[in-house]
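Participant: Below you'll find input_9.tsv; it's TSV, C-alpha atoms.
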```
chain	number	residue	atom	x	y	z
S	1	GLY	CA	12.95	-12.33	9.77
S	2	ALA	CA	14.01	-9.93	7.06
S	3	GLY	CA	10.62	-8.31	6.49
S	4	VAL	CA	8.83	-5.35	8.01
S	5	SER	CA	7.70	-6.17	11.53
S	6	GLN	CA	4.81	-4.48	13.30
S	7	SER	CA	3.66	-4.79	16.89
S	8	PRO	CA	1.28	-5.37	18.45
S	9	ARG	CA	-0.60	-7.32	15.81
S	10	TYR	CA	-3.85	-6.72	17.68
S	11	LYS	CA	-4.74	-3.98	20.13
S	12	VAL	CA	-8.02	-3.37	21.90
S	13	ALA	CA	-8.36	0.02	23.55
S	14	LYS	CA	-11.11	1.72	25.47
S	15	ARG	CA	-12.26	5.01	24.07
S	16	GLY	CA	-10.04	7.77	25.40
S	17	GLN	CA	-6.95	5.61	25.91
S	18	ASP	CA	-3.62	6.37	24.25
S	19	VAL	CA	-2.03	3.71	22.03
S	20	ALA	CA	1.40	3.26	20.47
S	21	LEU	CA	2.05	1.12	17.42
S	22	ARG	CA	5.57	0.08	16.49
S	23	CYS	CA	7.15	-0.55	13.12
S	24	ASP	CA	10.55	-2.18	12.51
S	25	PRO	CA	11.41	-1.58	8.86
S	26	ILE	CA	13.83	-3.62	6.81
S	27	SER	CA	17.36	-2.73	7.86
S	28	GLY	CA	18.89	0.01	5.75
S	29	HIS	CA	15.62	1.18	4.24
S	30	VAL	CA	15.53	4.95	3.98
S	31	SER	CA	11.83	5.49	3.36
S	32	LEU	CA	9.06	4.61	5.80
S	33	PHE	CA	5.32	5.02	5.28
S	34	TRP	CA	2.31	4.66	7.56
S	35	TYR	CA	-1.13	3.83	6.15
S	36	GLN	CA	-4.54	3.39	7.75
S	37	GLN	CA	-6.93	0.79	6.35
S	38	ALA	CA	-10.57	0.72	7.39
S	39	LEU	CA	-12.58	-2.44	6.88
S	40	GLY	CA	-13.36	-3.03	3.21
S	41	GLN	CA	-11.35	-0.02	2.03
S	42	GLY	CA	-7.97	0.49	0.42
S	43	PRO	CA	-5.07	1.75	2.54
S	44	GLU	CA	-5.06	5.52	3.16
S	45	PHE	CA	-1.75	7.37	3.42
S	46	LEU	CA	-0.94	8.86	6.81
S	47	THR	CA	2.68	9.99	6.86
S	48	TYR	CA	6.12	9.54	5.30
S	49	PHE	CA	9.65	9.55	6.74
S	50	GLN	CA	12.95	9.79	4.95
S	51	ASN	CA	15.43	8.56	7.53
S	52	GLU	CA	14.46	10.50	10.69
S	53	ALA	CA	12.83	13.39	8.87
S	54	GLN	CA	9.05	13.41	8.62
S	55	LEU	CA	8.62	14.92	5.17
S	56	ASP	CA	4.89	14.50	4.75
S	57	LYS	CA	2.25	14.27	7.45
S	58	SER	CA	-0.61	15.46	5.32
S	59	GLY	CA	-2.63	12.29	5.83
S	60	LEU	CA	-2.75	12.35	9.63
S	61	PRO	CA	-6.48	12.75	10.37
S	62	SER	CA	-6.16	14.89	13.48
S	63	ASP	CA	-3.70	16.28	15.99
S	64	ARG	CA	-4.36	13.17	18.09
S	65	PHE	CA	-2.14	11.26	15.66
S	66	PHE	CA	1.61	11.58	16.01
S	67	ALA	CA	4.44	9.63	14.38
S	68	GLU	CA	8.17	9.60	14.98
S	69	ARG	CA	11.29	7.88	13.74
S	70	PRO	CA	13.99	9.39	15.94
S	71	GLU	CA	17.00	7.37	14.79
S	72	GLY	CA	15.92	6.72	11.25
S	73	SER	CA	14.99	3.09	11.78
S	74	VAL	CA	12.17	2.06	14.14
S	75	SER	CA	9.04	4.18	13.93
S	76	THR	CA	6.15	4.63	16.34
S	77	LEU	CA	2.65	5.81	15.51
S	78	LYS	CA	0.89	7.22	18.57
S	79	ILE	CA	-2.81	7.88	18.82
S	80	GLN	CA	-3.98	9.91	21.78
S	81	ARG	CA	-7.48	9.81	23.27
S	82	THR	CA	-8.61	7.09	20.88
S	83	GLN	CA	-12.06	7.31	19.31
S	84	GLN	CA	-14.17	4.55	17.77
S	85	GLU	CA	-13.50	5.91	14.28
S	86	ASP	CA	-9.80	5.17	14.83
S	87	SER	CA	-10.57	1.45	14.62
S	88	ALA	CA	-8.64	0.18	11.61
S	89	VAL	CA	-5.56	-1.73	10.52
S	90	TYR	CA	-2.44	0.43	10.61
S	91	LEU	CA	0.10	-0.59	7.99
S	92	CYS	CA	3.77	0.28	7.89
S	93	ALA	CA	5.87	0.03	4.74
S	94	SER	CA	9.52	0.63	4.02
S	95	SER	CA	11.49	1.18	0.85
S	96	LEU	CA	15.22	1.12	0.19
S	97	LEU	CA	15.43	4.42	-1.63
S	98	ALA	CA	14.20	7.93	-1.15
S	99	HIS	CA	12.92	9.98	-4.05
S	100	ALA	CA	12.12	7.04	-6.24
S	101	ASN	CA	8.90	6.28	-8.00
S	102	THR	CA	10.05	2.85	-9.09
S	103	GLY	CA	11.20	1.28	-5.85
S	104	GLU	CA	9.15	-1.44	-4.26
S	105	LEU	CA	7.41	-0.83	-0.94
S	106	PHE	CA	7.55	-3.69	1.54
S	107	PHE	CA	4.56	-3.79	3.86
S	108	GLY	CA	4.20	-5.29	7.30
S	109	GLU	CA	1.18	-7.37	8.27
S	110	GLY	CA	-0.34	-4.44	10.11
S	111	SER	CA	-1.59	-3.66	13.59
S	112	ARG	CA	-5.33	-4.07	14.00
S	113	LEU	CA	-6.71	-1.49	16.44
S	114	THR	CA	-10.19	-1.89	17.88
S	115	VAL	CA	-11.54	0.96	20.00
S	116	LEU	CA	-14.48	0.05	22.23
G	1	ASP	CA	-2.76	12.70	-7.93
G	2	ALA	CA	-3.99	11.04	-11.11
G	3	LYS	CA	-6.84	8.61	-10.54
G	4	THR	CA	-7.29	4.98	-11.59
G	5	THR	CA	-10.53	3.11	-12.23
G	6	GLN	CA	-10.84	-0.64	-11.71
G	7	PRO	CA	-13.78	-3.05	-11.67
G	8	ASN	CA	-14.96	-3.81	-8.14
G	9	SER	CA	-14.65	-7.55	-8.60
G	10	MET	CA	-13.69	-10.29	-11.03
G	11	GLU	CA	-13.86	-14.05	-11.00
G	12	SER	CA	-11.66	-16.68	-12.54
G	13	ASN	CA	-11.20	-20.40	-12.57
G	14	GLU	CA	-8.04	-22.04	-11.35
G	15	GLU	CA	-5.32	-22.52	-13.98
G	16	GLU	CA	-6.96	-20.08	-16.38
G	17	PRO	CA	-5.48	-16.70	-17.35
G	18	VAL	CA	-6.83	-13.57	-15.68
G	19	HIS	CA	-6.80	-10.10	-17.19
G	20	LEU	CA	-7.32	-7.32	-14.66
G	21	PRO	CA	-8.02	-3.96	-16.34
G	22	CYS	CA	-7.20	-0.48	-15.10
G	23	ASN	CA	-8.14	2.86	-16.63
G	24	HIS	CA	-5.99	5.92	-15.96
G	25	SER	CA	-6.98	8.50	-18.53
G	26	THR	CA	-5.41	11.43	-16.63
G	27	ILE	CA	-1.99	9.81	-16.33
G	28	SER	CA	0.90	12.23	-16.72
G	29	GLY	CA	3.94	11.54	-18.83
G	30	THR	CA	6.19	10.50	-15.97
G	31	ASP	CA	3.75	8.58	-13.78
G	32	TYR	CA	4.75	4.96	-13.28
G	33	ILE	CA	2.00	2.34	-13.24
G	34	HIS	CA	2.30	0.09	-10.20
G	35	TRP	CA	0.31	-2.96	-9.19
G	36	TYR	CA	0.09	-4.28	-5.66
G	37	ARG	CA	-2.07	-7.03	-4.27
G	38	GLN	CA	-3.35	-7.71	-0.79
G	39	LEU	CA	-4.13	-11.21	0.39
G	40	PRO	CA	-6.60	-11.63	3.26
G	41	SER	CA	-5.23	-10.46	6.61
G	42	GLN	CA	-1.91	-9.39	5.11
G	43	GLY	CA	-0.29	-6.16	4.05
G	44	PRO	CA	-0.12	-5.28	0.36
G	45	GLU	CA	2.65	-6.82	-1.70
G	46	TYR	CA	4.31	-5.53	-4.83
G	47	VAL	CA	3.40	-7.26	-8.06
G	48	ILE	CA	4.85	-5.31	-10.98
G	49	HIS	CA	5.37	-1.84	-12.40
G	50	GLY	CA	5.99	-0.19	-15.75
G	51	LEU	CA	6.22	3.11	-17.59
G	52	THR	CA	5.58	2.59	-21.29
G	53	SER	CA	6.67	-0.87	-22.39
G	54	ASN	CA	5.06	-4.14	-21.45
G	55	VAL	CA	6.74	-5.84	-18.50
G	56	ASN	CA	7.05	-9.43	-17.36
G	57	ASN	CA	8.22	-10.89	-14.07
G	58	ARG	CA	7.79	-14.15	-12.24
G	59	MET	CA	4.43	-13.13	-10.82
G	60	ALA	CA	2.65	-11.48	-13.72
G	61	SER	CA	2.76	-9.46	-16.92
G	62	LEU	CA	1.79	-5.84	-17.37
G	63	ALA	CA	0.41	-4.70	-20.70
G	64	ILE	CA	0.34	-0.92	-21.16
G	65	ALA	CA	-1.72	0.73	-23.87
G	66	GLU	CA	0.16	2.80	-26.39
G	67	ASP	CA	-1.47	6.01	-25.16
G	68	ARG	CA	-0.87	4.90	-21.54
G	69	LYS	CA	-4.45	5.63	-20.61
G	70	SER	CA	-5.07	2.05	-19.60
G	71	SER	CA	-3.19	-1.05	-18.55
G	72	THR	CA	-3.90	-4.70	-17.87
G	73	LEU	CA	-2.37	-6.98	-15.28
G	74	ILE	CA	-2.16	-10.52	-16.58
G	75	LEU	CA	-1.91	-13.57	-14.36
G	76	HIS	CA	-1.07	-16.35	-16.77
G	77	ARG	CA	-2.42	-19.25	-14.73
G	78	ALA	CA	-4.48	-18.30	-11.73
G	79	THR	CA	-4.10	-20.33	-8.55
G	80	LEU	CA	-6.17	-20.26	-5.39
G	81	ARG	CA	-3.32	-18.32	-3.77
G	82	ASP	CA	-3.91	-15.49	-6.25
G	83	ALA	CA	-7.27	-14.65	-4.66
G	84	ALA	CA	-6.70	-11.13	-3.37
G	85	VAL	CA	-7.52	-7.46	-3.85
G	86	TYR	CA	-5.47	-6.05	-6.72
G	87	TYR	CA	-4.61	-2.36	-6.71
G	88	CYS	CA	-3.57	-0.36	-9.76
G	89	ILE	CA	-1.69	2.76	-8.65
G	90	LEU	CA	-0.07	5.68	-10.44
G	91	ARG	CA	3.12	6.64	-8.69
G	92	PRO	CA	3.90	10.30	-9.28
G	93	ARG	CA	7.03	11.81	-10.66
G	94	VAL	CA	9.97	12.34	-8.37
G	95	ALA	CA	11.59	15.68	-8.97
G	96	GLY	CA	13.87	18.10	-7.24
G	97	GLY	CA	14.20	16.11	-4.06
G	98	THR	CA	10.83	17.25	-2.83
G	99	SER	CA	8.74	14.40	-4.13
G	100	TYR	CA	9.06	10.85	-3.01
G	101	GLY	CA	6.60	8.89	-5.09
G	102	LYS	CA	3.69	8.43	-2.68
G	103	LEU	CA	1.49	5.40	-3.35
G	104	THR	CA	-2.19	6.34	-3.27
G	105	PHE	CA	-4.43	3.29	-3.15
G	106	GLY	CA	-7.95	3.14	-4.55
G	107	GLN	CA	-10.57	0.49	-3.89
G	108	GLY	CA	-8.95	-2.16	-6.05
G	109	THR	CA	-10.42	-5.25	-7.71
G	110	ILE	CA	-11.40	-8.23	-5.59
G	111	LEU	CA	-10.30	-11.33	-7.50
G	112	THR	CA	-12.05	-14.60	-6.67
G	113	VAL	CA	-10.50	-17.81	-7.99
G	114	HIS	CA	-12.70	-20.89	-8.22
G	115	PRO	CA	-11.22	-24.39	-7.94
```
Once you've parsed the file, please lay out its structure as structure tokens.

Facilitator:
Amino acid sequence: GAGVSQSPRYKVAKRGQDVALRCDPISGHVSLFWYQQALGQGPEFLTYFQNEAQLDKSGLPSDRFFAERPEGSVSTLKIQRTQQEDSAVYLCASSLLAHANTGELFFGEGSRLTVL
Amino acid sequence: DAKTTQPNSMESNEEEPVHLPCNHSTISGTDYIHWYRQLPSQGPEYVIHGLTSNVNNRMASLAIAEDRKSSTLILHRATLRDAAVYYCILRPRVAGGTSYGKLTFGQGTILTVHP
């Protein structure tokens, strides 16, 4: 399809395991965002890429969280040594333009992570 | 980032208009007002945005107060598919290539539509 694709849709991890969540943005979109959404809450910003450059990682909650977008398209969010508080839906969004406060963000359906 | 205030929840009947309010008294002159909605088990989707003038699109209308300290999202005829969480967001100014217009979500308004 032409939308933002995220995988896996559901991931169950044991506490202490590493996980990797993938985002395929819409082709040609320059901007890519990651958000974390806990149950019953609004999405919380994690990090922002403009092409392959990670311009803002101020929302990453700890050094266990790492994101990359090496070729300016697909992005991976990695969580090391998962903890129960990492359980959430991780949302990826892309936008055609950089430096625009009018452009629409297109969100994927999210990856639901449950840490046992 | 400037903050928005929305009611926690609202209810409507199907085929009736819905007015979803948002207060943003600390809005700056170049903040755009964006609305997104999130249906159950889906990612947020764009609804509409505006700066000063009222805006209409196929999904909704956005009415912006003259002083820009509040706005109202208007769904002209609610359907069951409009049941969602609606987020009012101020998207900050983009300047000098260092800003990129981050979307900061609040709690939103849970809209329930009754048949």

Participant: Hey, list the chain S side of the contact with chain G: 7 Å cut-off, only C-alpha atoms, answer as a VMD selection string.

Facilitator: chain S and resid 41 to 45 91 98 to 101 104 to 110

Participant: Rounded to one decimal place, report the atom CA of Asp82 of chain G-atom CA of Gly103 of chain S distance in Å.

Facilitator: 22.6 Å

Participant: List as a ChimeraX atom specification the protein and nucleic acid residues near Leu21 of chain S, meaning an atom at most 8 Å away when all atoms listed in the file are counted, but skip any in the same chain fewer than 6 places from it.

Facilitator: /S:6-8,76-78,111

Participant: So how far away is atom CA of Glu66 of chain G from atom CA of Ser12 of chain G, in Å?

Facilitator: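 Going from atom CA of Ser12 of chain G over to atom CA of Glu66 of chain G, I get 26.7 Å.
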
Participant: Quick one: distance from atom CA of Leu80 of chain G to atom CA of Glu11 of chain G in Å, one decimal?

Facilitator: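 Atom CA of Leu80 of chain G sits 11.4 Å away from atom CA of Glu11 of chain G.
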
Participant: Between G:Asn13, G:Ser53, G:Thr109, G:Thr4, single out the one closest to Asp67 of chain G, counting all atoms listed in the file.

Facilitator: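 Checking each candidate against Asp67 of chain G, we get G:Ser53 as the closest.
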
Participant: For a cutoff of 10 Å around the file-coordinate point (3.7, -15.4, -19.7), which residues qualify once you count all atoms listed in the file? I'd like the result as a list of chain:residue names.

Facilitator: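 With a cut-off of 10 Å, the residues come to G:Pro17, G:Asn56, G:Asn57, G:Arg58, G:Met59, G:Ala60, G:Ser61, G:Ile74, G:Leu75, G:His76, G:Arg77.
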
Participant: Mind checking which residues fall within 7 Å of Pro21 of chain G, counting all atoms listed in the file, ignoring those fewer than 3 positions away in the same chain, and posting them as a PyMOL selection string?

Facilitator: chain G and resi 6+71-73

Participant: Please enclose the listed atoms of segment 80-98 of chain S in an axis-aligned box, pad each side by 6 Å, and write out the centre and the three edge lengths in Å, rounded to one decimal, as JSON.

Facilitator:
```
{"center_x": 0.6, "center_y": 4.1, "center_z": 10.8, "size_x": 41.6, "size_y": 23.6, "size_z": 36.9}
```

Participant: Let me make sure I understand: among S:Ile26, S:Leu46, S:Leu39, S:Leu116, which one has the smallest atom-to-atom distance to Gly72 of chain S if we use all atoms listed in the file?

Facilitator: S:Ile26

Participant: Using all atoms listed in the file, pick whichever of S:Gln17, S:Val30, S:Gln50, S:Arg22 has the shortest atom-to-atom distance to Thr82 of chain S.

Facilitator: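 Under the stated criterion, the closest residue is S:Gln17.
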